[in-house]
Amino acid sequence: MALLSNLFFPRTCPQCGLGVGEKTARGRLCESCLRRLPRTEQAVLKQNETELTLADKRLERAAAFLFYEKDHPIQRVVHQMKYADMPEIGYQLGRQAALEWQDTEFFADLDVIVPMPLHPRRLRERGYNQSEYIARGISEVTGVPVDTSHVLRSRNTPKQALQDGENRRQNVADAFAVVRPEQLYRKRILVVDDLITTGETMKACLKAMRVIRGARISVFALCKAR
Ligand SMILES: [Zn+2]
């Protein structure tokens with residue numbers, strides 16, 4: 001079926017509409033749009049904006065690949081990846097980050113990649129977890145396995161976009177749970193998210209992960225809002 005649909009619907013870049021070839025996956029950005037997305041260079045920046053936002057001294061490292069800005073093409077890319085059934089964009093960009101950062105230490109010495117979990121109900125509605133696609137793109141380049149079975153979303157929270165400040169913080173607190181944490185003891189874990197804005201969701205996730213004894217945790221976000 002996949003082959004057939006490729007024959008009848010030539011693939012176009014979801015950003016500019018340019019053809020990207022019949023054999024590439026739907027939702028793949030063309031080279032020119034890919035190049036134009038705003039890189040952060042945070043892989044080699046100590047005290048970068050992502051680290052400062054998360055403000056967690058126990059983190060090994062934290063960085064985002066791209067800057068997220070409203071009314072910039074990146075806004076549409078993120079929207080398509082999350083809400084328009086184009087998770088392949090996440091896979092492509094995760095892979096791209098791993099390729100571009102191959103000469104840095106950022107993805108070195110990891111045992112497992114854990115995507116930011118979605119609540120099962122949200123996952124059913126959307127049909128996919130975009131952070132898992134990002135994680136799988138990174139995994140393809142680095143060879144580090146992806147784990148979706150230990151860190152879970154235990155409580156559904158209203159959409160973050162509708163909240164702010166204290167409400168937001170209250171809402172995500174205790175929204176995560178780690179099951180069978182002993183299986184991750186002493187592992188070097190990379191937590192992957194699509195977009196870090198205030199950092200409250202990631203902080204809540206990291207807080208839940210403190211039950212994993214001896215773990216060395218790092219954070220990768222595809223985008224960091226400015
Ligand atoms: Zn394009």
# chains A, B, ... in the order shown; residues from 1 in each chain; ligands from 1

call {"tool": "residues_around", "arguments": {"residues": "segment 176-189 of chain A", "least_positions_apart": "2", "cutoff": "9 Å", "atoms": "only C-alpha atoms", "output": "short mmCIF file (atom, residue, chain, number, x, y, z; two decimals) with N, CA and C atoms, in the first residue's frame"}}
result
data_model
loop_
_atom_site.label_atom_id
_atom_site.label_comp_id
_atom_site.auth_asym_id
_atom_site.auth_seq_id
_atom_site.Cartn_x
_atom_site.Cartn_y
_atom_site.Cartn_z
N ASP A 109 27.95 8.32 24.94
CA ASP A 109 27.83 7.64 26.23
C ASP A 109 26.41 7.61 26.77
N LEU A 110 25.47 7.19 25.97
CA LEU A 110 24.09 7.03 26.45
C LEU A 110 23.70 5.56 26.42
N ASP A 111 22.85 5.17 27.39
CA ASP A 111 22.35 3.79 27.40
C ASP A 111 20.97 3.69 26.79
N VAL A 112 20.17 4.76 26.97
CA VAL A 112 18.78 4.67 26.54
C VAL A 112 18.21 6.07 26.28
N ILE A 113 17.29 6.14 25.30
CA ILE A 113 16.61 7.40 24.99
C ILE A 113 15.14 7.25 25.40
N VAL A 114 14.67 8.18 26.23
CA VAL A 114 13.29 8.12 26.73
C VAL A 114 12.50 9.32 26.18
N PRO A 117 6.61 11.19 27.52
CA PRO A 117 5.39 10.41 27.22
C PRO A 117 4.16 11.30 27.06
N SER A 149 8.69 2.26 27.89
CA SER A 149 7.90 1.44 28.81
C SER A 149 8.08 1.78 30.28
N HIS A 150 8.99 2.70 30.62
CA HIS A 150 9.23 2.97 32.04
C HIS A 150 8.71 4.31 32.52
N VAL A 151 8.88 5.35 31.71
CA VAL A 151 8.43 6.69 32.13
C VAL A 151 7.08 6.95 31.46
N LEU A 152 6.04 7.11 32.29
CA LEU A 152 4.68 7.19 31.77
C LEU A 152 3.98 8.47 32.24
N ARG A 153 2.99 8.87 31.47
CA ARG A 153 2.14 9.99 31.87
C ARG A 153 1.00 9.39 32.68
N SER A 154 0.94 9.72 33.96
CA SER A 154 -0.03 9.05 34.83
C SER A 154 -1.35 9.82 34.92
N ARG A 155 -1.31 11.07 34.53
CA ARG A 155 -2.52 11.88 34.68
C ARG A 155 -2.63 12.78 33.46
N VAL A 172 1.05 20.19 35.88
CA VAL A 172 1.93 19.11 35.45
C VAL A 172 2.59 18.40 36.62
N ALA A 173 2.54 19.03 37.81
CA ALA A 173 3.15 18.39 38.97
C ALA A 173 2.49 17.03 39.17
N ASP A 174 3.28 16.01 39.41
CA ASP A 174 2.77 14.65 39.63
C ASP A 174 2.04 14.07 38.42
N VAL A 191 16.41 12.21 27.93
CA VAL A 191 14.98 12.47 27.81
C VAL A 191 14.77 13.42 26.63
N ALA A 204 8.77 18.53 35.73
CA ALA A 204 7.91 17.56 36.43
C ALA A 204 8.32 16.13 36.07
N CYS A 205 8.67 15.93 34.81
CA CYS A 205 9.12 14.59 34.36
C CYS A 205 10.42 14.21 35.06
N LEU A 206 11.37 15.16 35.11
CA LEU A 206 12.66 14.90 35.75
C LEU A 206 12.48 14.61 37.24
N LYS A 207 11.52 15.31 37.85
CA LYS A 207 11.25 15.10 39.27
C LYS A 207 10.79 13.66 39.51
N ALA A 208 9.88 13.19 38.65
CA ALA A 208 9.39 11.81 38.79
C ALA A 208 10.53 10.81 38.57
N MET A 209 11.48 11.17 37.72
CA MET A 209 12.58 10.25 37.40
C MET A 209 13.63 10.15 38.50
N VAL A 211 13.32 8.76 41.19
CA VAL A 211 13.28 7.43 41.82
C VAL A 211 14.25 6.46 41.16
N ILE A 212 14.82 6.85 40.01
CA ILE A 212 15.77 5.97 39.33
C ILE A 212 17.15 6.18 39.93
N ARG A 213 17.58 5.29 40.80
CA ARG A 213 18.83 5.48 41.54
C ARG A 213 20.05 5.43 40.63
N GLY A 214 20.93 6.38 40.86
CA GLY A 214 22.21 6.36 40.15
C GLY A 214 22.14 6.73 38.68
N ALA A 215 20.96 7.14 38.20
CA ALA A 215 20.83 7.47 36.78
C ALA A 215 21.55 8.77 36.48
N ARG A 216 22.10 8.87 35.28
CA ARG A 216 22.69 10.13 34.83
C ARG A 216 21.84 10.62 33.67
N ILE A 217 21.14 11.73 33.92
CA ILE A 217 20.08 12.16 33.00
C ILE A 217 20.48 13.41 32.23
N SER A 218 20.22 13.37 30.90
CA SER A 218 20.40 14.52 30.04
C SER A 218 19.09 14.81 29.33
N VAL A 219 18.98 16.02 28.78
CA VAL A 219 17.74 16.42 28.10
C VAL A 219 18.07 16.93 26.70
#

call {"tool": "select_by_dssp", "arguments": {"residues": "chain A", "states": "strand (DSSP E)", "output": "PyMOL selection string"}}
result
chain A and resi 62-68+112-115+151-153+176-178+188-196+216-225

call {"tool": "residues_near_ligand", "arguments": {"ligand": "ligand 1", "cutoff": "12 Å", "atoms": "only C-alpha atoms and all ligand atoms", "output": "count of residues only"}}
result
27

call {"tool": "residues_around", "arguments": {"residues": "Leu54 of chain A", "least_positions_apart": "6", "cutoff": "9 Å", "atoms": "only C-alpha atoms", "output": "compact mmCIF listing (two decimals) with C-alpha atoms, in the first residue's frame"}}
result
# COMPACT_ATOMS: atom_id res chain seq x y z
CA ALA A 62 20.71 19.82 28.18
CA THR A 198 8.63 27.36 30.36
CA GLY A 199 10.24 24.00 31.12
CA GLU A 200 7.57 23.07 33.67
CA MET A 202 10.16 18.66 31.64
CA LYS A 203 10.89 19.62 35.25

call {"tool": "closest_residue", "arguments": {"among": "A:His119, A:Gly143, A:Arg210, A:Arg226", "to": "Ala175 of chain A", "atoms": "only C-alpha atoms"}}
result
A:His119

call {"tool": "select_by_dssp", "arguments": {"residues": "chain A", "states": "alpha helix (DSSP H)", "output": "number ranges by chain"}}
result
A: 2-8, 31-36, 49-54, 73-83, 88-100, 120-126, 130-142, 165-172, 200-208

call {"tool": "closest_residue", "arguments": {"among": "A:Arg95, A:Phe220, A:Glu125, A:Asp194", "to": "Arg61 of chain A", "atoms": "only C-alpha atoms"}}
result
A:Phe220

call {"tool": "closest_residue", "arguments": {"among": "A:Glu51, A:Asp147, A:Gln130, A:Arg39", "to": "Lys82 of chain A", "atoms": "only C-alpha atoms"}}
result
A:Gln130

call {"tool": "atom_distance", "arguments": {"atom1": "atom CA of Val44 of chain A", "atom2": "atom CA of Tyr91 of chain A"}}
result
22.4 Å

call {"tool": "closest_atom_pairs", "arguments": {"of": "segment 98-144 of chain A", "to": "segment 64-70 of chain A", "cutoff": "10 Å", "atoms": "only C-alpha atoms", "output": "Markdown table"}}
result
| residue | atom | partner | partner_atom | distance |
| --- | --- | --- | --- | --- |
| A:Ala98 | CA | A:Phe65 | CA | 9.4 |
| A:Glu100 | CA | A:Phe65 | CA | 9.4 |
| A:Trp101 | CA | A:Phe65 | CA | 9.1 |

call {"tool": "atom_distance", "arguments": {"atom1": "atom CA of Tyr83 of chain A", "atom2": "atom CA of Thr53 of chain A"}}
result
25.3 Å

call {"tool": "closest_residue", "arguments": {"among": "A:Ile196, A:Met116, A:Leu52, A:Asn171", "to": "Asn129 of chain A", "atoms": "only C-alpha atoms"}}
result
A:Met116

call {"tool": "residues_around", "arguments": {"residues": "Gln102 of chain A", "least_positions_apart": "4", "cutoff": "12 Å", "atoms": "only C-alpha atoms", "output": "VMD selection string"}}
result
chain A and resid 43 to 44 95 to 98 106 to 108 138 141 to 142

call {"tool": "write_last_selection", "arguments": {"atoms": "C-alpha atoms", "output": "mmCIF file, in the first residue's frame"}}
result
data_model
loop_
_atom_site.group_PDB
_atom_site.id
_atom_site.type_symbol
_atom_site.label_atom_id
_atom_site.label_comp_id
_atom_site.auth_asym_id
_atom_site.auth_seq_id
_atom_site.Cartn_x
_atom_site.Cartn_y
_atom_site.Cartn_z
ATOM 1 C CA ALA A 43 25.359 21.224 21.888
ATOM 2 C CA VAL A 44 28.653 22.994 22.503
ATOM 3 C CA ARG A 95 18.022 12.311 12.766
ATOM 4 C CA GLN A 96 19.311 15.632 11.449
ATOM 5 C CA ALA A 97 20.263 16.818 14.955
ATOM 6 C CA ALA A 98 22.185 13.600 15.604
ATOM 7 C CA PHE A 106 26.203 15.506 23.165
ATOM 8 C CA PHE A 107 24.837 12.102 22.142
ATOM 9 C CA ALA A 108 27.890 10.165 23.379
ATOM 10 C CA ILE A 138 18.244 10.159 16.981
ATOM 11 C CA VAL A 141 22.076 7.650 13.852
ATOM 12 C CA THR A 142 23.451 6.915 17.328
#

call {"tool": "decode", "arguments": {"residues": "segment 14-159 of chain A", "atoms": "C-alpha atoms", "output": "short mmCIF file (atom, residue, chain, number, x, y, z; two decimals), in the first residue's frame"}}
result
data_model
loop_
_atom_site.label_atom_id
_atom_site.label_comp_id
_atom_site.auth_asym_id
_atom_site.auth_seq_id
_atom_site.Cartn_x
_atom_site.Cartn_y
_atom_site.Cartn_z
CA PRO A 14 5.07 20.28 3.72
CA GLN A 15 6.73 23.66 4.20
CA CYS A 16 7.20 24.99 0.66
CA GLY A 17 5.34 22.48 -1.52
CA LEU A 18 8.41 21.60 -3.55
CA GLY A 19 8.69 18.00 -4.76
CA VAL A 20 11.08 15.94 -2.65
CA GLY A 21 10.96 12.73 -4.69
CA GLU A 22 8.57 9.84 -4.83
CA LYS A 23 10.50 7.52 -2.59
CA THR A 24 10.74 9.73 0.52
CA ALA A 25 8.26 9.57 3.36
CA ARG A 26 5.29 11.89 3.54
CA GLY A 27 5.99 14.92 5.72
CA ARG A 28 9.66 15.23 4.84
CA LEU A 29 11.12 18.71 4.56
CA CYS A 30 13.19 19.57 1.48
CA GLU A 31 16.91 20.34 1.88
CA SER A 32 16.43 24.06 1.50
CA CYS A 33 13.68 24.34 4.17
CA LEU A 34 15.72 22.07 6.45
CA ARG A 35 18.75 24.34 6.13
CA ARG A 36 16.76 27.46 6.98
CA LEU A 37 15.50 26.32 10.38
CA PRO A 38 17.23 28.34 13.14
CA ARG A 39 19.97 26.23 14.81
CA THR A 40 20.82 26.98 18.44
CA GLU A 41 24.38 25.54 18.46
CA GLN A 42 23.61 24.60 22.08
CA ALA A 43 25.36 21.22 21.89
CA VAL A 44 28.65 22.99 22.50
CA LEU A 45 27.35 25.90 24.62
CA LYS A 46 27.66 25.56 28.37
CA GLN A 47 25.02 27.49 30.33
CA ASN A 48 22.84 27.55 27.24
CA GLU A 49 19.21 28.74 27.31
CA THR A 50 17.81 25.23 27.68
CA GLU A 51 20.04 24.47 30.67
CA LEU A 52 19.18 27.80 32.24
CA THR A 53 15.44 27.25 31.77
CA LEU A 54 15.53 23.80 33.39
CA ALA A 55 17.88 25.02 36.15
CA ASP A 56 18.64 21.52 37.39
CA LYS A 57 22.20 21.00 38.60
CA ARG A 58 21.78 17.24 38.58
CA LEU A 59 21.42 17.18 34.80
CA GLU A 60 24.45 15.94 32.89
CA ARG A 61 23.64 18.20 29.95
CA ALA A 62 20.71 19.82 28.18
CA ALA A 63 20.31 21.41 24.77
CA ALA A 64 17.82 22.18 22.03
CA PHE A 65 18.49 21.78 18.31
CA LEU A 66 16.34 24.66 17.01
CA PHE A 67 14.91 27.91 18.25
CA TYR A 68 11.12 28.13 18.18
CA GLU A 69 9.70 31.49 17.24
CA LYS A 70 6.15 32.54 16.48
CA ASP A 71 5.50 33.76 12.93
CA HIS A 72 8.65 31.99 11.77
CA PRO A 73 8.55 28.88 9.49
CA ILE A 74 9.55 26.78 12.52
CA GLN A 75 6.10 27.44 14.02
CA ARG A 76 4.43 25.75 11.06
CA VAL A 77 6.92 22.89 11.10
CA VAL A 78 6.17 22.17 14.78
CA HIS A 79 2.43 22.49 14.22
CA GLN A 80 2.51 20.03 11.31
CA MET A 81 4.63 17.60 13.30
CA LYS A 82 2.30 17.68 16.33
CA TYR A 83 -1.17 18.24 15.01
CA ALA A 84 -1.29 17.60 11.25
CA ASP A 85 -0.45 13.92 11.24
CA MET A 86 3.13 14.43 10.02
CA PRO A 87 5.25 12.83 12.74
CA GLU A 88 7.84 11.94 10.08
CA ILE A 89 9.04 15.54 10.40
CA GLY A 90 10.06 14.70 13.97
CA TYR A 91 11.94 11.63 12.79
CA GLN A 92 13.74 13.65 10.11
CA LEU A 93 14.71 16.45 12.49
CA GLY A 94 15.82 14.08 15.28
CA ARG A 95 18.02 12.31 12.77
CA GLN A 96 19.31 15.63 11.45
CA ALA A 97 20.26 16.82 14.95
CA ALA A 98 22.19 13.60 15.60
CA LEU A 99 24.01 13.95 12.27
CA GLU A 100 24.91 17.61 12.78
CA TRP A 101 26.03 17.00 16.37
CA GLN A 102 28.06 13.88 15.58
CA ASP A 103 31.31 15.74 16.22
CA THR A 104 30.16 16.92 19.66
CA GLU A 105 29.90 14.81 22.80
CA PHE A 106 26.20 15.51 23.17
CA PHE A 107 24.84 12.10 22.14
CA ALA A 108 27.89 10.16 23.38
CA ASP A 109 27.83 7.64 26.23
CA LEU A 110 24.09 7.03 26.45
CA ASP A 111 22.35 3.79 27.40
CA VAL A 112 18.78 4.67 26.54
CA ILE A 113 16.61 7.40 24.99
CA VAL A 114 13.29 8.12 26.73
CA PRO A 115 10.74 10.20 24.79
CA MET A 116 8.51 12.56 26.80
CA PRO A 117 5.39 10.41 27.22
CA LEU A 118 1.90 11.45 26.19
CA HIS A 119 -1.12 10.45 28.26
CA PRO A 120 -2.72 7.34 26.70
CA ARG A 121 -5.89 9.29 25.87
CA ARG A 122 -3.95 12.04 24.10
CA LEU A 123 -1.94 9.36 22.30
CA ARG A 124 -5.17 7.72 21.09
CA GLU A 125 -6.56 11.04 19.85
CA ARG A 126 -3.38 12.01 18.01
CA GLY A 127 -2.39 8.52 16.91
CA TYR A 128 1.30 9.04 17.64
CA ASN A 129 3.77 10.60 20.07
CA GLN A 130 5.86 13.14 18.16
CA SER A 131 8.64 12.97 20.79
CA GLU A 132 8.97 9.25 20.15
CA TYR A 133 9.50 9.96 16.45
CA ILE A 134 12.24 12.49 17.33
CA ALA A 135 13.82 9.90 19.65
CA ARG A 136 13.72 7.23 16.91
CA GLY A 137 15.42 9.61 14.47
CA ILE A 138 18.24 10.16 16.98
CA SER A 139 18.40 6.43 17.63
CA GLU A 140 18.83 5.64 13.93
CA VAL A 141 22.08 7.65 13.85
CA THR A 142 23.45 6.92 17.33
CA GLY A 143 22.33 3.31 17.73
CA VAL A 144 21.08 4.08 21.26
CA PRO A 145 17.80 2.21 21.95
CA VAL A 146 14.48 4.01 22.63
CA ASP A 147 12.53 3.07 25.77
CA THR A 148 8.82 3.91 26.09
CA SER A 149 7.90 1.44 28.81
CA HIS A 150 9.23 2.97 32.04
CA VAL A 151 8.43 6.69 32.13
CA LEU A 152 4.68 7.19 31.77
CA ARG A 153 2.14 9.99 31.87
CA SER A 154 -0.03 9.05 34.83
CA ARG A 155 -2.52 11.88 34.68
CA ASN A 156 -4.03 13.73 31.76
CA THR A 157 -3.41 17.46 31.92
CA PRO A 158 -5.28 20.19 30.05
CA LYS A 159 -3.46 21.60 27.05
#
